[in-house]
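Below: the structure, in structure tokens.
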Amino acid sequence: MSEPEILGESLPFDERIELSGWKHASVSADDYKAYLAKSLADPEASWAAVAKELHWFRHWDSVLSRDIYPHVYHWFEGGLLNLSYLALDRHASSWRRNKVALIWEGEPTDEKGGPREVRKITYGEMLRDVNRIASVLQRKFGLRKGDRMAVYMPLIPEAIMTLLAAARLGVTFTVVFSGFSAESLASRVADLEAKVIVTADGTYRRGKTVLFKEIVDKALEQTPSVKNVVLIRRLGVPCPMKEGRDYFLDELVSELPARATVEPEKVESGHPLYVLYTSGTTGKPKGIIHDTGGYATLLHATMKWVFDIRDDDVYWCPADIGWVTGHSYVAFGPLIEGATVVIFEGALDFPQPDRWWAIVERYGVSIFYTTPTATRAQMKFGEEPVRKHDLSSLRVIQSVGEPINPSAWRWLFTLVGNSSCPVGSTWWMTETGGVMVSSLPGLQLIPMKPGSNGLPIPGVKADIVDENGASVAPGKKGFLVIETPWPGMPGPPTGMYGDPERFEKQYYSRFPGKDYFFCGDYAVKDMDGYIWVAGRADEVLKVAGHRLGTYEIESAIVSHRAASEAAVVAIPDAIKGEVPIAFVVLRQGHEPDENLRKEVRKWVRESFSPIAEPAQVFFVNKLPKTRSGKIMRRLLRAVAEGKPLGDVATLEDETSVSEAKKAYEELGVK
Ligand code: WT7
């Protein structure tokens, strides 16, 4: 394995940045070590102590128990709770009733550059509105515990309210990222057999309107399980409506009694809150199941430890609710804590590059959860857009989604945080439900290292291991694993929706004889035990922090009439971290030319998603394969990066590589 680096920058293992004067929440450095040691000696007891801080309708009988399928666990079995109760009712019946829960800013701006629409919604109001949505779903469409529904929505308050309404009823939901095509929406909805889709008429994106209903209608052609569509008016544009199937939410709400409430369903701790589809190495996206009790426990712990969240904070994470970050750290985590949460509909650099910082200043954001890609995109604009704004309200900055290169870290630390905010890189993934490896400003701020993820959080045993699952020495690259179950892990009944075998094979079969959860990431540990995740070790891409499978992009390409075979690999990109490029073999009768190249890119954009569009398409006559017919993407990556090919003993036909090289050299990637 090559030397660990992030975007060509070497890792500063020995750098230690301390924040003198940082006031951490509760424990002293010595206590923290004791707390950490205790949590690792008895993770179950330490997680139970965290879980006790939530509200349970019934206490659990056991902290951790096995379910029927291997590696599927019940956390807090016997316990009953409800996530919308945790996020709303608790606060609405306390002094927080009139505290602002959500501050929403729409994308359009006025002549002076200020936002045209801002909504501030209190916990009391939010509870009322969530009750109304839940009433509609229950009374009009008969949804109840155990049913499934899908959400395809822009970032508006109703999106978060809809998730909480589903949770209130015990209806398991799936959110499909609104940048995904009708086909992607359909396959997820069909897999989950959702009965209802909740969507909006559209959204604003970079000054243009994006319409949703036609996409949803197209998806509905392939999803017989869907009986009804609920539409939320965002743009106020006319939509094609099918009588008896499609309804506008506001019209249904107006038919409700003035006081429409739904008792929060007391669900078992193991009850599936949601299923989120994420890209794997092969096949269709995998539906990861998250439970209720374990998940809520992990969110509660990490909101305190990782973000140091307090009642006077204004918290902003610009993630979309289509991704797990938007579930855990926009919709649920901060509301469980009773925080004030900013959400923003639009693009972070629209209409001006300083939109980000204008929002931080406008609402006095104190906790900011960002991404390396967004940071690098901002760096490109220089310091002026940042310096123009008073960012003194900021006190904690965290990053997520992909490795952060040390120079991007430094930019956040010195310029954005004025060298006085902790800056960290929280490592986790859709499957883990919440943060697993991170700096912990709310517990104990140990010295920061630019680009490092830090230590595993208390109660989580993680390590870097070699091919055989043996711990590797500091400084050596290996695979990141989680050694024991954690709350928030993929939950009952099957870990992966409808596919317990694939769940076990994907995550628990890599190191035979060990119960390690295989994350698919390369990482290295330094002399201080700090973990540095360096990137994916499998065929999964992280494009601008978004997770895509090479296989998914290849499938999209070969569904084009001119393509017979395709191989997609990721190459480093200075802003997006990595971008896909595609090597494509054409069908007989199609000639390679610039138009076709453009067409294939457009095809991927429209039939799958704009985020998956290859940065370049290279036409070749054959792909490098092993004798058994497996595509050797490693060689294509080496060609694109101009690196040595390495071992080519299994390569079937060497001309395939020279051909790829020639195609790449002629065109390159601009
Ligand atoms: C993959 C998971 C976690 C929510 C958003 C992404 C990469 C994530 C970091 C980080 C280095 C990171 C990993 C991981 N990743 N955070 N702080 N440093 N890499 O969730 O879409 O499920 O992707 O994102 O490669 O496996 P996801």
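So you can find residues: chains in the structure tokens are A, B, ... in the order shown, residues in each start at 1, and ligands are numbered from 1 in order.
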Could you pull out all residues of segment 306-516 of chain A with a DSSP call of strand (DSSP E) and give them as an NGL selection string? :A and (314-316 or 340-344 or 367-370 or 396-399 or 423-425 or 462-465 or 477-482)
Which of segment 323-418 of chain A end up as alpha helix (DSSP H) when DSSP is run on this backbone - answer as an MDAnalysis selection string? chainID A and resid 324:326 333:336 355:363 372:379 384:387 406:410
Please identify the residues whose atoms come within 7 Å of ligand 1, using only C-alpha atoms and all ligand atoms, and report them as a list of chain:residue names.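 I would give the residues around ligand 1 as A:Thr278, A:Trp323, A:Val324, A:Thr325, A:Ser399, A:Val400, A:Gly401, A:Glu402, A:Pro403, A:Ile404, A:Ser425, A:Thr426, A:Trp427, A:Trp428, A:Met429, A:Thr430, A:Glu431, A:Asn453, A:Cys519, A:Gly520, A:Asp521, A:Val533, A:Ala534, A:Gly535, A:Arg536, A:Lys542, A:Gly545, A:His546, A:Arg547.
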File dump, residues just selected, C-alpha atoms, as a PDB file, in the first residue's frame:
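Full text of again39.pdb as output:
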```pdb
ATOM      1  CA  THR A 278     -26.507   3.961  -0.042  1.00  0.00           C
ATOM      2  CA  TRP A 323     -28.043  12.053   2.968  1.00  0.00           C
ATOM      3  CA  VAL A 324     -27.441  10.503   6.351  1.00  0.00           C
ATOM      4  CA  THR A 325     -25.882  13.703   7.690  1.00  0.00           C
ATOM      5  CA  SER A 399     -16.267  18.680   8.911  1.00  0.00           C
ATOM      6  CA  VAL A 400     -17.605  15.459   7.377  1.00  0.00           C
ATOM      7  CA  GLY A 401     -17.992  13.350   4.262  1.00  0.00           C
ATOM      8  CA  GLU A 402     -14.454  12.806   3.013  1.00  0.00           C
ATOM      9  CA  PRO A 403     -10.906  13.286   4.216  1.00  0.00           C
ATOM     10  CA  ILE A 404     -10.001  16.926   4.785  1.00  0.00           C
ATOM     11  CA  SER A 425     -13.115  15.947  10.925  1.00  0.00           C
ATOM     12  CA  THR A 426     -15.837  13.594  12.107  1.00  0.00           C
ATOM     13  CA  TRP A 427     -15.541  10.149  10.569  1.00  0.00           C
ATOM     14  CA  TRP A 428     -18.653   8.051  10.128  1.00  0.00           C
ATOM     15  CA  MET A 429     -20.865   6.640   7.414  1.00  0.00           C
ATOM     16  CA  THR A 430     -24.487   5.919   6.522  1.00  0.00           C
ATOM     17  CA  GLU A 431     -24.139   2.520   8.167  1.00  0.00           C
ATOM     18  CA  ASN A 453     -10.125  12.428  12.589  1.00  0.00           C
ATOM     19  CA  CYS A 519     -16.011   0.022   6.736  1.00  0.00           C
ATOM     20  CA  GLY A 520     -14.293  -0.039   3.354  1.00  0.00           C
ATOM     21  CA  ASP A 521     -11.914   2.798   4.253  1.00  0.00           C
ATOM     22  CA  VAL A 533      -8.900   8.127   7.230  1.00  0.00           C
ATOM     23  CA  ALA A 534      -7.311   8.448   3.803  1.00  0.00           C
ATOM     24  CA  GLY A 535     -10.074   7.305   1.438  1.00  0.00           C
ATOM     25  CA  ARG A 536     -12.033   4.327   0.189  1.00  0.00           C
ATOM     26  CA  LYS A 542     -16.713  10.013  -2.838  1.00  0.00           C
ATOM     27  CA  GLY A 545     -18.500  13.906  -0.297  1.00  0.00           C
ATOM     28  CA  HIS A 546     -21.369  12.077  -2.042  1.00  0.00           C
ATOM     29  CA  ARG A 547     -21.147   8.351  -2.118  1.00  0.00           C
TER      30      ARG A 547
END
```
List the spatial neighbours of segment 141-155 of chain A as a PyMOL selection string - criterion: any atom at most 6 Å away, only C-alpha atoms, same-chain residues fewer than 6 positions off excluded. chain A and resi 169-176+178+194-200+345
Can you pull out the residues contacting segment 313-316 of chain A? Cut-off 8 Å, using only C-alpha atoms, and skip same-chain residues under 6 positions away; I want them as a PyMOL selection string. chain A and resi 330+334+339-343+363-369
Taking all heavy atoms for each residue, export the selection above as a compact mmCIF listing (two decimals), in the first residue's frame.
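That gives us out-v4.txt:
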```txt
# COMPACT_ATOMS: atom_id res chain seq x y z
N VAL A 330 -29.18 17.11 11.04
CA VAL A 330 -30.05 18.25 10.74
C VAL A 330 -31.42 17.98 11.33
O VAL A 330 -31.90 18.73 12.17
CB VAL A 330 -30.17 18.53 9.22
CG1 VAL A 330 -31.08 19.74 8.98
CG2 VAL A 330 -28.80 18.76 8.59
N PRO A 334 -29.94 17.56 16.51
CA PRO A 334 -30.06 18.86 17.17
C PRO A 334 -31.45 19.10 17.78
O PRO A 334 -31.56 19.78 18.80
CB PRO A 334 -29.77 19.89 16.08
CG PRO A 334 -29.54 19.13 14.82
CD PRO A 334 -29.57 17.67 15.09
N ALA A 339 -32.19 22.26 20.34
CA ALA A 339 -31.36 23.36 19.82
C ALA A 339 -32.13 24.21 18.81
O ALA A 339 -33.21 23.87 18.36
CB ALA A 339 -30.12 22.78 19.16
N THR A 340 -31.52 25.33 18.44
CA THR A 340 -32.01 26.15 17.33
C THR A 340 -31.20 25.78 16.09
O THR A 340 -29.97 25.86 16.10
CB THR A 340 -31.86 27.64 17.65
OG1 THR A 340 -32.69 27.94 18.77
CG2 THR A 340 -32.26 28.50 16.47
N VAL A 341 -31.90 25.35 15.04
CA VAL A 341 -31.25 24.79 13.87
C VAL A 341 -31.52 25.65 12.64
O VAL A 341 -32.68 25.97 12.35
CB VAL A 341 -31.79 23.37 13.59
CG1 VAL A 341 -31.06 22.71 12.43
CG2 VAL A 341 -31.70 22.50 14.83
N VAL A 342 -30.46 26.03 11.93
CA VAL A 342 -30.62 26.78 10.69
C VAL A 342 -30.71 25.80 9.53
O VAL A 342 -29.95 24.82 9.48
CB VAL A 342 -29.40 27.72 10.47
CG1 VAL A 342 -29.47 28.40 9.09
CG2 VAL A 342 -29.32 28.76 11.57
N ILE A 343 -31.66 26.02 8.62
CA ILE A 343 -31.64 25.26 7.38
C ILE A 343 -31.77 26.22 6.20
O ILE A 343 -32.43 27.26 6.30
CB ILE A 343 -32.73 24.15 7.31
CG1 ILE A 343 -34.13 24.71 7.53
CG2 ILE A 343 -32.43 23.05 8.31
CD1 ILE A 343 -35.23 23.66 7.32
N TYR A 363 -27.67 34.92 11.43
CA TYR A 363 -28.35 34.21 12.53
C TYR A 363 -27.44 33.94 13.72
O TYR A 363 -27.83 33.27 14.66
CB TYR A 363 -28.95 32.90 12.00
CG TYR A 363 -29.83 33.14 10.79
CD1 TYR A 363 -29.46 32.69 9.53
CD2 TYR A 363 -31.00 33.89 10.91
CE1 TYR A 363 -30.24 32.96 8.42
CE2 TYR A 363 -31.78 34.17 9.80
CZ TYR A 363 -31.40 33.70 8.55
OH TYR A 363 -32.16 33.99 7.46
N GLY A 364 -26.21 34.42 13.64
CA GLY A 364 -25.29 34.19 14.75
C GLY A 364 -24.98 32.72 14.96
O GLY A 364 -25.00 32.21 16.08
N VAL A 365 -24.69 32.02 13.85
CA VAL A 365 -24.40 30.59 13.94
C VAL A 365 -23.18 30.37 14.84
O VAL A 365 -22.15 31.03 14.68
CB VAL A 365 -24.13 30.00 12.53
CG1 VAL A 365 -23.61 28.57 12.63
CG2 VAL A 365 -25.40 30.06 11.69
N SER A 366 -23.32 29.46 15.79
CA SER A 366 -22.20 29.20 16.69
C SER A 366 -21.56 27.83 16.45
O SER A 366 -20.38 27.64 16.70
CB SER A 366 -22.66 29.33 18.15
OG SER A 366 -23.75 28.48 18.41
N ILE A 367 -22.34 26.88 15.95
CA ILE A 367 -21.78 25.57 15.64
C ILE A 367 -22.00 25.32 14.15
O ILE A 367 -23.13 25.41 13.65
CB ILE A 367 -22.47 24.45 16.46
CG1 ILE A 367 -22.35 24.76 17.95
CG2 ILE A 367 -21.86 23.09 16.13
CD1 ILE A 367 -23.06 23.74 18.84
N PHE A 368 -20.93 25.04 13.45
CA PHE A 368 -20.99 24.95 12.00
C PHE A 368 -20.41 23.60 11.58
O PHE A 368 -19.29 23.26 11.94
CB PHE A 368 -20.16 26.10 11.41
CG PHE A 368 -20.23 26.23 9.92
CD1 PHE A 368 -21.43 26.11 9.24
CD2 PHE A 368 -19.07 26.49 9.18
CE1 PHE A 368 -21.49 26.25 7.86
CE2 PHE A 368 -19.12 26.64 7.81
CZ PHE A 368 -20.33 26.51 7.14
N TYR A 369 -21.23 22.85 10.83
CA TYR A 369 -20.82 21.49 10.42
C TYR A 369 -20.73 21.48 8.90
O TYR A 369 -21.74 21.53 8.21
CB TYR A 369 -21.88 20.50 10.90
CG TYR A 369 -21.47 19.04 10.92
CD1 TYR A 369 -20.14 18.65 10.87
CD2 TYR A 369 -22.44 18.04 11.01
CE1 TYR A 369 -19.80 17.30 10.92
CE2 TYR A 369 -22.10 16.69 11.06
CZ TYR A 369 -20.78 16.33 11.01
OH TYR A 369 -20.43 15.01 11.04
```
What lies within 8 Å of His71 of chain A using only C-alpha atoms, ignoring chain neighbours under 6 positions off, as a VMD selection string? chain A and resid 504 508 515
Spatial neighbours of Thr484 of chain A, 7 Å, only C-alpha atoms, chain gap at least 2 places, as a PyMOL selection string: chain A and resi 461+482+486+516
